[in-house]
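Structure data follow from coords31.pdb (PDB, C-alpha atoms):
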```
ATOM      1  CA  MET A   1       8.921  -5.164   8.257
ATOM      2  CA  ASN A   2       6.956  -8.197   9.403
ATOM      3  CA  SER A   3       8.066 -11.639   8.309
ATOM      4  CA  ASP A   4       4.927 -12.241   6.227
ATOM      5  CA  ALA A   5       5.540  -9.052   4.231
ATOM      6  CA  ALA A   6       9.230  -9.881   3.880
ATOM      7  CA  SER A   7       8.476 -13.358   2.537
ATOM      8  CA  HIS A   8       6.411 -11.828  -0.275
ATOM      9  CA  GLY A   9       8.962  -9.159  -1.167
ATOM     10  CA  LEU A  10       6.633  -6.383   0.012
ATOM     11  CA  VAL A  11       7.982  -3.335   1.768
ATOM     12  CA  GLN A  12       6.006  -1.220   4.241
ATOM     13  CA  TRP A  13       6.862   2.362   3.318
ATOM     14  CA  HIS A  14       6.988   4.873   6.123
ATOM     15  CA  GLY A  15       6.258   8.501   5.649
ATOM     16  CA  THR A  16       3.090   8.780   3.649
ATOM     17  CA  THR A  17      -0.429   7.702   2.866
ATOM     18  CA  ILE A  18      -1.949   7.733  -0.621
ATOM     19  CA  ILE A  19      -5.532   6.738  -1.382
ATOM     20  CA  GLY A  20      -7.442   6.462  -4.638
ATOM     21  CA  VAL A  21     -11.241   6.381  -4.726
ATOM     22  CA  ARG A  22     -13.265   5.774  -7.903
ATOM     23  CA  LYS A  23     -17.026   6.242  -7.604
ATOM     24  CA  GLY A  24     -19.844   7.644  -9.699
ATOM     25  CA  GLY A  25     -17.679   8.265 -12.752
ATOM     26  CA  ARG A  26     -15.084  10.318 -10.804
ATOM     27  CA  THR A  27     -11.682   9.260  -9.538
ATOM     28  CA  VAL A  28      -9.781  11.013  -6.770
ATOM     29  CA  ILE A  29      -6.241  10.436  -5.555
ATOM     30  CA  ALA A  30      -5.273  12.059  -2.247
ATOM     31  CA  GLY A  31      -2.010  12.056  -0.337
ATOM     32  CA  ASP A  32      -0.559  13.618   2.773
ATOM     33  CA  GLY A  33       2.449  15.910   2.775
ATOM     34  CA  GLN A  34       4.732  14.465   5.441
ATOM     35  CA  VAL A  35       8.289  13.452   4.607
ATOM     36  CA  SER A  36      10.034  11.630   7.443
ATOM     37  CA  MET A  37      13.601  10.534   7.949
ATOM     38  CA  GLY A  38      13.550   7.970  10.713
ATOM     39  CA  ASN A  39      11.492   9.507  13.501
ATOM     40  CA  THR A  40      11.999  13.101  12.324
ATOM     41  CA  VAL A  41       9.581  15.064  10.154
ATOM     42  CA  MET A  42      11.768  16.658   7.491
ATOM     43  CA  LYS A  43       8.995  18.388   5.531
ATOM     44  CA  PRO A  44       5.280  18.667   6.310
ATOM     45  CA  ASN A  45       3.976  19.891   2.935
ATOM     46  CA  ALA A  46       5.430  17.739   0.155
ATOM     47  CA  ARG A  47       3.266  17.246  -2.933
ATOM     48  CA  LYS A  48       3.054  13.495  -3.560
ATOM     49  CA  VAL A  49      -0.022  13.605  -5.791
ATOM     50  CA  ARG A  50       0.110  15.183  -9.252
ATOM     51  CA  ARG A  51      -1.161  15.217 -12.806
ATOM     52  CA  ILE A  52       1.037  13.511 -15.363
ATOM     53  CA  GLY A  53       1.042  12.892 -19.082
ATOM     54  CA  GLU A  54      -0.044  15.078 -21.956
ATOM     55  CA  GLY A  55      -2.994  17.244 -21.006
ATOM     56  CA  GLY A  56      -2.941  16.040 -17.395
ATOM     57  CA  LYS A  57      -5.347  13.204 -18.156
ATOM     58  CA  VAL A  58      -3.603  10.895 -15.679
ATOM     59  CA  ILE A  59      -3.247  11.472 -11.949
ATOM     60  CA  GLY A  60      -0.846   9.686  -9.655
ATOM     61  CA  GLY A  61       0.459   9.511  -6.135
ATOM     62  CA  PHE A  62       3.502   7.821  -4.661
ATOM     63  CA  ALA A  63       4.810   6.328  -1.456
ATOM     64  CA  GLY A  64       8.480   5.649  -0.918
ATOM     65  CA  ALA A  65      11.722   7.363  -1.822
ATOM     66  CA  THR A  66      10.964  10.718  -3.446
ATOM     67  CA  ALA A  67      13.743  10.670  -6.049
ATOM     68  CA  ASP A  68      12.771   7.128  -7.023
ATOM     69  CA  ALA A  69       9.121   8.129  -7.374
ATOM     70  CA  PHE A  70      10.002  11.079  -9.620
ATOM     71  CA  THR A  71      12.060   8.745 -11.796
ATOM     72  CA  LEU A  72       9.056   6.428 -12.079
ATOM     73  CA  PHE A  73       6.692   9.315 -12.866
ATOM     74  CA  GLU A  74       9.042  10.387 -15.680
ATOM     75  CA  ARG A  75       9.203   6.832 -17.012
ATOM     76  CA  LEU A  76       5.419   6.522 -16.861
ATOM     77  CA  GLU A  77       5.039   9.793 -18.768
ATOM     78  CA  ARG A  78       7.301   8.418 -21.498
ATOM     79  CA  LYS A  79       5.308   5.197 -21.636
ATOM     80  CA  LEU A  80       2.074   7.213 -21.894
ATOM     81  CA  GLU A  81       3.556   9.106 -24.862
ATOM     82  CA  GLN A  82       4.661   5.853 -26.529
ATOM     83  CA  HIS A  83       1.244   4.253 -26.058
ATOM     84  CA  ARG A  84      -0.878   7.296 -26.959
ATOM     85  CA  GLY A  85      -2.191   7.943 -23.465
ATOM     86  CA  GLN A  86      -3.370   4.373 -22.802
ATOM     87  CA  LEU A  87      -2.741   4.111 -19.058
ATOM     88  CA  MET A  88      -3.226   0.362 -18.692
ATOM     89  CA  ARG A  89      -0.753  -0.429 -21.467
ATOM     90  CA  ALA A  90       1.737   2.188 -20.254
ATOM     91  CA  ALA A  91       1.480   0.845 -16.686
ATOM     92  CA  VAL A  92       2.093  -2.750 -17.785
ATOM     93  CA  GLU A  93       5.129  -1.686 -19.840
ATOM     94  CA  LEU A  94       6.502   0.355 -16.919
ATOM     95  CA  ALA A  95       5.980  -2.591 -14.560
ATOM     96  CA  LYS A  96       7.888  -4.874 -16.950
ATOM     97  CA  ASP A  97      10.784  -2.415 -17.100
ATOM     98  CA  TRP A  98      10.671  -1.844 -13.341
ATOM     99  CA  ARG A  99      10.984  -5.551 -12.668
ATOM    100  CA  THR A 100      13.657  -6.384 -15.258
ATOM    101  CA  ASP A 101      15.869  -3.276 -15.588
ATOM    102  CA  LYS A 102      18.866  -3.411 -13.220
ATOM    103  CA  TYR A 103      18.610   0.309 -12.398
ATOM    104  CA  LEU A 104      14.830   0.475 -12.018
ATOM    105  CA  ARG A 105      14.688  -2.737  -9.977
ATOM    106  CA  ASN A 106      16.402  -0.899  -7.110
ATOM    107  CA  LEU A 107      13.882   1.952  -6.985
ATOM    108  CA  GLU A 108      11.922   2.002  -3.747
ATOM    109  CA  ALA A 109       8.463   3.379  -4.371
ATOM    110  CA  LEU A 110       4.854   2.361  -4.957
ATOM    111  CA  MET A 111       2.376   4.289  -7.082
ATOM    112  CA  ILE A 112      -1.359   4.702  -7.483
ATOM    113  CA  VAL A 113      -2.310   6.031 -10.918
ATOM    114  CA  ALA A 114      -5.645   6.710 -12.583
ATOM    115  CA  ASP A 115      -7.284   8.024 -15.718
ATOM    116  CA  ALA A 116     -10.924   8.215 -16.766
ATOM    117  CA  ASP A 117     -11.068   4.422 -17.178
ATOM    118  CA  SER A 118      -8.676   2.840 -14.647
ATOM    119  CA  LEU A 119      -7.445   2.991 -11.054
ATOM    120  CA  LEU A 120      -4.192   1.040 -10.611
ATOM    121  CA  ILE A 121      -1.504   0.248  -8.043
ATOM    122  CA  LEU A 122       1.994  -0.188  -9.516
ATOM    123  CA  THR A 123       4.709  -2.030  -7.595
ATOM    124  CA  GLY A 124       8.375  -2.773  -8.104
ATOM    125  CA  ASN A 125       7.544  -6.472  -8.140
ATOM    126  CA  GLY A 126       6.078  -6.002 -11.610
ATOM    127  CA  ASP A 127       2.503  -5.862 -10.373
ATOM    128  CA  VAL A 128      -0.227  -3.769 -11.956
ATOM    129  CA  LEU A 129      -3.144  -4.186  -9.578
ATOM    130  CA  GLU A 130      -6.681  -3.003 -10.193
ATOM    131  CA  PRO A 131      -8.568  -2.852  -6.885
ATOM    132  CA  GLU A 132     -11.667  -4.964  -6.412
ATOM    133  CA  ALA A 133     -14.920  -3.163  -7.161
ATOM    134  CA  LEU A 134     -17.264  -2.842  -4.196
ATOM    135  CA  GLY A 135     -20.494  -2.060  -6.018
ATOM    136  CA  ASP A 136     -19.616   0.926  -8.204
ATOM    137  CA  THR A 137     -16.651   1.897  -5.997
ATOM    138  CA  GLN A 138     -12.955   1.039  -6.256
ATOM    139  CA  ILE A 139     -10.555   1.974  -3.468
ATOM    140  CA  ALA A 140      -6.769   1.600  -3.459
ATOM    141  CA  SER A 141      -4.235   2.685  -0.859
ATOM    142  CA  ILE A 142      -0.497   2.539  -0.267
ATOM    143  CA  GLY A 143       1.966   3.751   2.316
ATOM    144  CA  SER A 144       2.351   3.497   6.048
ATOM    145  CA  GLY A 145      -1.181   4.733   6.734
ATOM    146  CA  GLY A 146      -2.677   3.017   3.711
ATOM    147  CA  ASN A 147      -4.528   0.305   5.607
ATOM    148  CA  TYR A 148      -6.108   2.858   7.961
ATOM    149  CA  ALA A 149      -7.250   4.984   5.023
ATOM    150  CA  LEU A 150      -8.517   1.913   3.163
ATOM    151  CA  ALA A 151     -10.588   0.730   6.129
ATOM    152  CA  ALA A 152     -12.030   4.213   6.688
ATOM    153  CA  ALA A 153     -12.892   4.663   2.998
ATOM    154  CA  ARG A 154     -14.635   1.293   2.848
ATOM    155  CA  ALA A 155     -16.709   2.203   5.896
ATOM    156  CA  LEU A 156     -17.559   5.629   4.455
ATOM    157  CA  ASP A 157     -18.498   4.279   1.029
ATOM    158  CA  ALA A 158     -22.023   3.262   2.059
ATOM    159  CA  TYR A 159     -22.780   6.735   3.476
ATOM    160  CA  GLU A 160     -20.956   9.126   1.156
ATOM    161  CA  GLU A 161     -21.497   9.574  -2.591
ATOM    162  CA  ASP A 162     -18.653  12.029  -3.263
ATOM    163  CA  PRO A 163     -15.316  10.235  -3.827
ATOM    164  CA  GLU A 164     -13.389  13.355  -2.818
ATOM    165  CA  GLN A 165     -15.136  13.473   0.554
ATOM    166  CA  ILE A 166     -14.466   9.760   1.061
ATOM    167  CA  ALA A 167     -10.768  10.299   0.281
ATOM    168  CA  ARG A 168     -10.449  13.398   2.483
ATOM    169  CA  LYS A 169     -12.190  11.782   5.461
ATOM    170  CA  ALA A 170     -10.174   8.576   5.054
ATOM    171  CA  MET A 171      -6.955  10.617   4.967
ATOM    172  CA  GLN A 172      -8.006  12.360   8.186
ATOM    173  CA  VAL A 173      -8.490   8.991   9.888
ATOM    174  CA  ALA A 174      -5.056   7.847   8.684
ATOM    175  CA  ALA A 175      -3.458  11.097   9.897
ATOM    176  CA  ASP A 176      -5.059  10.645  13.324
ATOM    177  CA  ILE A 177      -3.632   7.109  13.686
ATOM    178  CA  CYS A 178      -0.383   6.869  11.686
ATOM    179  CA  VAL A 179       2.554   8.907  13.012
ATOM    180  CA  PHE A 180       4.102   8.925   9.526
ATOM    181  CA  THR A 181       1.031  10.639   7.993
ATOM    182  CA  ASN A 182      -0.133  14.227   8.448
ATOM    183  CA  ASP A 183      -3.286  16.178   7.634
ATOM    184  CA  ARG A 184      -1.838  18.366   4.847
ATOM    185  CA  VAL A 185      -3.647  16.666   2.008
ATOM    186  CA  THR A 186      -3.229  17.176  -1.744
ATOM    187  CA  VAL A 187      -6.097  15.992  -3.952
ATOM    188  CA  GLU A 188      -6.352  15.517  -7.718
ATOM    189  CA  THR A 189      -9.550  14.487  -9.516
ATOM    190  CA  ILE A 190     -10.323  12.961 -12.909
TER     191      ILE A 190
END
```
Serialized structure, C-alpha coordinates:
Amino acid sequence: MNSDAASHGLVQWHGTTIIGVRKGGRTVIAGDGQVSMGNTVMKPNARKVRRIGEGGKVIGGFAGATADAFTLFERLERKLEQHRGQLMRAAVELAKDWRTDKYLRNLEALMIVADADSLLILTGNGDVLEPEALGDTQIASIGSGGNYALAAARALDAYEEDPEQIARKAMQVAADICVFTNDRVTVETI
(Lines of atoms letter the chains of each structure in order from A and count residues from 1; the text may use other names and numbers.)
(Lines give C-alpha, C1' and ligand atoms only; values in the text may rest on other atoms or scores of the structure.)
Protein backbone atom coordinates (compact mmCIF):
# COMPACT_ATOMS: atom_id res chain seq x y z
CA MET A 1 0.00 0.00 0.00
CA ASN A 2 1.48 3.38 -0.86
CA SER A 3 1.78 6.01 1.84
CA ASP A 4 -0.73 8.34 0.17
CA ALA A 5 -3.38 5.60 0.12
CA ALA A 6 -2.55 4.62 3.70
CA SER A 7 -2.93 8.20 4.92
CA HIS A 8 -6.48 8.29 3.56
CA GLY A 9 -7.48 4.91 4.97
CA LEU A 10 -7.80 3.43 1.47
CA VAL A 11 -6.76 -0.13 0.77
CA GLN A 12 -5.60 -1.41 -2.62
CA TRP A 13 -7.31 -4.77 -3.00
CA HIS A 14 -5.45 -7.45 -4.89
CA GLY A 15 -7.15 -10.17 -6.79
CA THR A 16 -9.86 -8.60 -8.87
CA THR A 17 -11.12 -5.87 -11.13
CA ILE A 18 -14.71 -4.63 -11.20
CA ILE A 19 -15.99 -1.95 -13.56
CA GLY A 20 -19.38 -0.30 -13.91
CA VAL A 21 -20.37 1.59 -17.06
CA ARG A 22 -23.61 3.57 -17.40
CA LYS A 23 -24.40 4.90 -20.87
CA GLY A 24 -27.44 5.35 -23.07
CA GLY A 25 -29.91 4.26 -20.41
CA ARG A 26 -28.09 0.94 -19.73
CA THR A 27 -25.78 0.05 -16.88
CA VAL A 28 -23.28 -2.80 -16.95
CA ILE A 29 -21.12 -4.17 -14.16
CA ALA A 30 -18.32 -6.55 -15.16
CA GLY A 31 -15.76 -8.39 -13.07
CA ASP A 32 -13.01 -10.92 -13.57
CA GLY A 33 -12.96 -14.33 -11.95
CA GLN A 34 -9.51 -14.58 -10.38
CA VAL A 35 -9.10 -15.26 -6.68
CA SER A 36 -5.51 -14.95 -5.48
CA MET A 37 -3.84 -15.77 -2.20
CA GLY A 38 -0.54 -13.96 -2.20
CA ASN A 39 1.07 -14.75 -5.54
CA THR A 40 -0.97 -17.92 -6.13
CA VAL A 41 -4.15 -18.13 -8.19
CA MET A 42 -6.55 -20.14 -6.04
CA LYS A 43 -9.55 -20.02 -8.38
CA PRO A 44 -9.83 -18.62 -11.91
CA ASN A 45 -13.63 -18.53 -12.30
CA ALA A 46 -15.19 -16.93 -9.23
CA ARG A 47 -18.42 -14.99 -9.77
CA LYS A 48 -17.93 -11.54 -8.23
CA VAL A 49 -20.77 -9.83 -10.08
CA ARG A 50 -24.40 -10.72 -9.37
CA ARG A 51 -28.00 -9.60 -9.20
CA ILE A 52 -29.31 -8.76 -5.75
CA GLY A 53 -32.55 -7.65 -4.19
CA GLU A 54 -36.12 -8.58 -4.96
CA GLY A 55 -36.62 -9.21 -8.65
CA GLY A 56 -32.91 -8.75 -9.41
CA LYS A 57 -33.35 -5.03 -10.04
CA VAL A 58 -29.95 -4.25 -8.52
CA ILE A 59 -26.60 -5.49 -9.77
CA GLY A 60 -23.36 -5.44 -7.84
CA GLY A 61 -19.74 -6.46 -7.92
CA PHE A 62 -17.13 -6.67 -5.19
CA ALA A 63 -13.41 -6.49 -4.62
CA GLY A 64 -11.81 -7.73 -1.44
CA ALA A 65 -12.36 -10.61 0.94
CA THR A 66 -15.05 -12.91 -0.47
CA ALA A 67 -16.76 -13.78 2.82
CA ASP A 68 -16.83 -10.10 3.76
CA ALA A 69 -18.35 -9.18 0.40
CA PHE A 70 -21.09 -11.80 0.76
CA THR A 71 -21.89 -10.42 4.20
CA LEU A 72 -22.19 -6.94 2.69
CA PHE A 73 -24.36 -8.20 -0.18
CA GLU A 74 -26.70 -9.81 2.37
CA ARG A 75 -26.83 -6.59 4.40
CA LEU A 76 -27.52 -4.55 1.27
CA GLU A 77 -30.35 -6.91 0.32
CA ARG A 78 -31.90 -6.37 3.75
CA LYS A 79 -31.55 -2.61 3.40
CA LEU A 80 -33.19 -2.78 -0.05
CA GLU A 81 -36.13 -4.66 1.50
CA GLN A 82 -36.42 -2.11 4.33
CA HIS A 83 -36.34 0.82 1.91
CA ARG A 84 -38.61 -0.66 -0.78
CA GLY A 85 -35.90 -1.15 -3.39
CA GLN A 86 -34.51 2.40 -3.19
CA LEU A 87 -30.82 1.75 -3.88
CA MET A 88 -29.48 5.17 -2.93
CA ARG A 89 -31.19 5.11 0.46
CA ALA A 90 -30.25 1.48 1.09
CA ALA A 91 -26.62 2.21 0.15
CA VAL A 92 -26.41 5.20 2.49
CA GLU A 93 -27.88 3.16 5.36
CA LEU A 94 -25.46 0.28 4.67
CA ALA A 95 -22.53 2.72 4.57
CA LYS A 96 -23.58 4.16 7.94
CA ASP A 97 -23.75 0.68 9.46
CA TRP A 98 -20.48 -0.35 7.81
CA ARG A 99 -18.67 2.61 9.31
CA THR A 100 -20.16 2.47 12.82
CA ASP A 101 -20.85 -1.22 13.57
CA LYS A 102 -17.89 -2.90 15.32
CA TYR A 103 -18.31 -6.13 13.33
CA LEU A 104 -18.94 -4.53 9.93
CA ARG A 105 -16.13 -2.00 10.37
CA ASN A 106 -13.62 -4.85 10.07
CA LEU A 107 -14.97 -6.15 6.75
CA GLU A 108 -12.48 -5.76 3.93
CA ALA A 109 -14.32 -5.22 0.68
CA LEU A 110 -15.44 -2.53 -1.76
CA MET A 111 -18.58 -2.70 -3.87
CA ILE A 112 -19.99 -1.22 -7.05
CA VAL A 113 -23.79 -1.39 -7.17
CA ALA A 114 -26.34 -0.13 -9.67
CA ASP A 115 -30.03 -0.01 -10.47
CA ALA A 116 -31.94 1.72 -13.25
CA ASP A 117 -31.22 5.14 -11.72
CA SER A 118 -27.83 4.98 -9.96
CA LEU A 119 -24.26 3.71 -10.25
CA LEU A 120 -22.47 3.78 -6.88
CA ILE A 121 -19.20 2.79 -5.20
CA LEU A 122 -19.57 1.74 -1.55
CA THR A 123 -16.59 1.75 0.80
CA GLY A 124 -15.94 0.73 4.38
CA ASN A 125 -15.06 4.34 5.17
CA GLY A 126 -18.76 5.17 4.97
CA ASP A 127 -18.54 6.55 1.45
CA VAL A 128 -21.30 6.28 -1.13
CA LEU A 129 -19.69 7.65 -4.27
CA GLU A 130 -21.48 8.40 -7.52
CA PRO A 131 -18.94 8.65 -10.34
CA GLU A 132 -18.63 11.88 -12.29
CA ALA A 133 -20.65 11.98 -15.49
CA LEU A 134 -18.59 12.35 -18.65
CA GLY A 135 -21.30 13.49 -21.05
CA ASP A 136 -23.99 10.83 -20.73
CA THR A 137 -21.52 8.24 -19.39
CA GLN A 138 -20.60 7.26 -15.83
CA ILE A 139 -17.72 4.88 -15.16
CA ALA A 140 -16.67 3.41 -11.82
CA SER A 141 -13.98 0.86 -11.03
CA ILE A 142 -12.47 -0.88 -8.02
CA GLY A 143 -9.85 -3.50 -7.34
CA SER A 144 -6.24 -4.04 -8.23
CA GLY A 145 -6.84 -3.54 -11.95
CA GLY A 146 -9.48 -0.88 -11.46
CA ASN A 147 -7.38 2.06 -12.62
CA TYR A 148 -6.36 0.23 -15.81
CA ALA A 149 -9.98 -0.61 -16.58
CA LEU A 150 -11.09 2.94 -15.77
CA ALA A 151 -8.51 4.48 -18.09
CA ALA A 152 -9.39 2.06 -20.90
CA ALA A 153 -13.14 2.66 -20.50
CA ARG A 154 -12.69 6.43 -20.58
CA ALA A 155 -10.66 6.15 -23.78
CA LEU A 156 -13.22 3.81 -25.35
CA ASP A 157 -16.21 5.95 -24.39
CA ALA A 158 -15.82 8.35 -27.33
CA TYR A 159 -15.74 5.48 -29.86
CA GLU A 160 -18.15 2.90 -28.45
CA GLU A 161 -21.87 3.35 -27.76
CA ASP A 162 -22.53 -0.02 -26.10
CA PRO A 163 -21.69 0.04 -22.36
CA GLU A 164 -21.23 -3.73 -22.34
CA GLN A 165 -18.58 -3.53 -25.05
CA ILE A 166 -16.84 -0.71 -23.18
CA ALA A 167 -16.81 -2.81 -20.00
CA ARG A 168 -15.63 -5.99 -21.75
CA LYS A 169 -12.83 -4.23 -23.63
CA ALA A 170 -11.75 -2.34 -20.50
CA MET A 171 -11.65 -5.63 -18.56
CA GLN A 172 -9.46 -7.14 -21.29
CA VAL A 173 -7.00 -4.26 -20.95
CA ALA A 174 -6.93 -4.71 -17.17
CA ALA A 175 -6.39 -8.47 -17.54
CA ASP A 176 -3.49 -7.85 -19.93
CA ILE A 177 -1.75 -5.52 -17.44
CA CYS A 178 -2.72 -6.54 -13.89
CA VAL A 179 -1.39 -9.91 -12.69
CA PHE A 180 -4.23 -10.12 -10.15
CA THR A 181 -6.91 -9.91 -12.89
CA ASN A 182 -7.85 -12.53 -15.47
CA ASP A 183 -9.96 -12.60 -18.62
CA ARG A 184 -12.83 -14.75 -17.29
CA VAL A 185 -15.38 -11.98 -17.13
CA THR A 186 -18.89 -12.03 -15.65
CA VAL A 187 -21.28 -9.30 -16.82
CA GLU A 188 -24.67 -8.18 -15.51
CA THR A 189 -26.80 -5.49 -17.17
CA ILE A 190 -29.66 -3.28 -16.01
Atom pair atom CA of Asp115 of chain A / atom CA of Asp176 of chain A: separation (Å): 29.2 Å
Atom-to-atom span, atom CA of Asn39 of chain A and atom CA of Leu107 of chain A, Å: 22.0 Å
Hits of the PyMOL selection byres ((chain A and resi 169) around 12) in this structure, as a count of residues only: 33
Spatial neighbours of Gly64 of chain A, 7 Å, all atoms listed in the file, chain gap at least 4 places, as a PyMOL selection string: chain A and resi 13+69+108-110
Leu129 of chain A surroundings by all atoms listed in the file, 10 Å radius, close-in-sequence under 2 positions cut, as number ranges by chain: A: 91-92, 112, 119-123, 126-127, 131-132, 140
Selected residues written out, C-alpha atoms, as a tab-separated table (two decimals), keeping the file's coordinate frame:
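part_36.tsv, freshly written:
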```
chain	number	residue	atom	x	y	z
A	91	ALA	CA	1.48	0.84	-16.69
A	92	VAL	CA	2.09	-2.75	-17.78
A	112	ILE	CA	-1.36	4.70	-7.48
A	119	LEU	CA	-7.44	2.99	-11.05
A	120	LEU	CA	-4.19	1.04	-10.61
A	121	ILE	CA	-1.50	0.25	-8.04
A	122	LEU	CA	1.99	-0.19	-9.52
A	123	THR	CA	4.71	-2.03	-7.60
A	126	GLY	CA	6.08	-6.00	-11.61
A	127	ASP	CA	2.50	-5.86	-10.37
A	131	PRO	CA	-8.57	-2.85	-6.88
A	132	GLU	CA	-11.67	-4.96	-6.41
A	140	ALA	CA	-6.77	1.60	-3.46
```
Selection result for the PyMOL selection byres ((chain A and resi 36) around 10) on this file, as a list in words: His14, Gly15, Thr16, Gly33, Gln34, Val35, Met37, Gly38, Asn39, Thr40, Val41, Met42, Lys43, Pro44, Val179, Phe180 and Thr181 of chain A
Selection under test: the PyMOL selection byres ((chain A and resi 142) around 8); residues as a list in words: Thr17, Ile18, Ile19, Phe62, Ala63, Leu110, Met111, Ile112, Ala140, Ser141, Gly143, Ser144, Gly145, Gly146 and Asn147 of chain A
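Atom pair atom CA of Lys79 of chain A / atom CA of Val58 of chain A has a distance of 12.1 Å (rounded to one decimal).
Shortest atom-to-atom contact with Ala133 of chain A among A:Asn182, A:Asn106, A:Ser118, A:Thr66: A:Ser118, counting only C-alpha atoms.
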Expected answer as a list in words: all residues with atoms within 9 Å of (0.7, 17.6, -6.4), only C-alpha atoms: Gly31, Ala46, Arg47, Lys48, Val49, Arg50, Arg51, Gly60, Gly61, Thr186, Val187 and Glu188 of chain A
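Nearest to Leu72 of chain A of all the residues A:Glu54, A:Gly124, A:Thr100, A:Asp32 is A:Gly124, counting all atoms listed in the file.
If you measure from each of A:Cys178, A:Ala116, A:Leu76, A:Val28 to Ile139 of chain A using only C-alpha atoms, the closest one turns out to be A:Val28.
Residue nearest Ala114 of chain A, chosen from A:Leu94, A:Ile52, A:Ile59, A:Ala158 and counting all atoms listed in the file: A:Ile59.
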Which of A:Leu104, A:Val113, A:Ile190, A:Met88 sits closest to Gly55 of chain A [using all atoms listed in the file]: A:Ile190
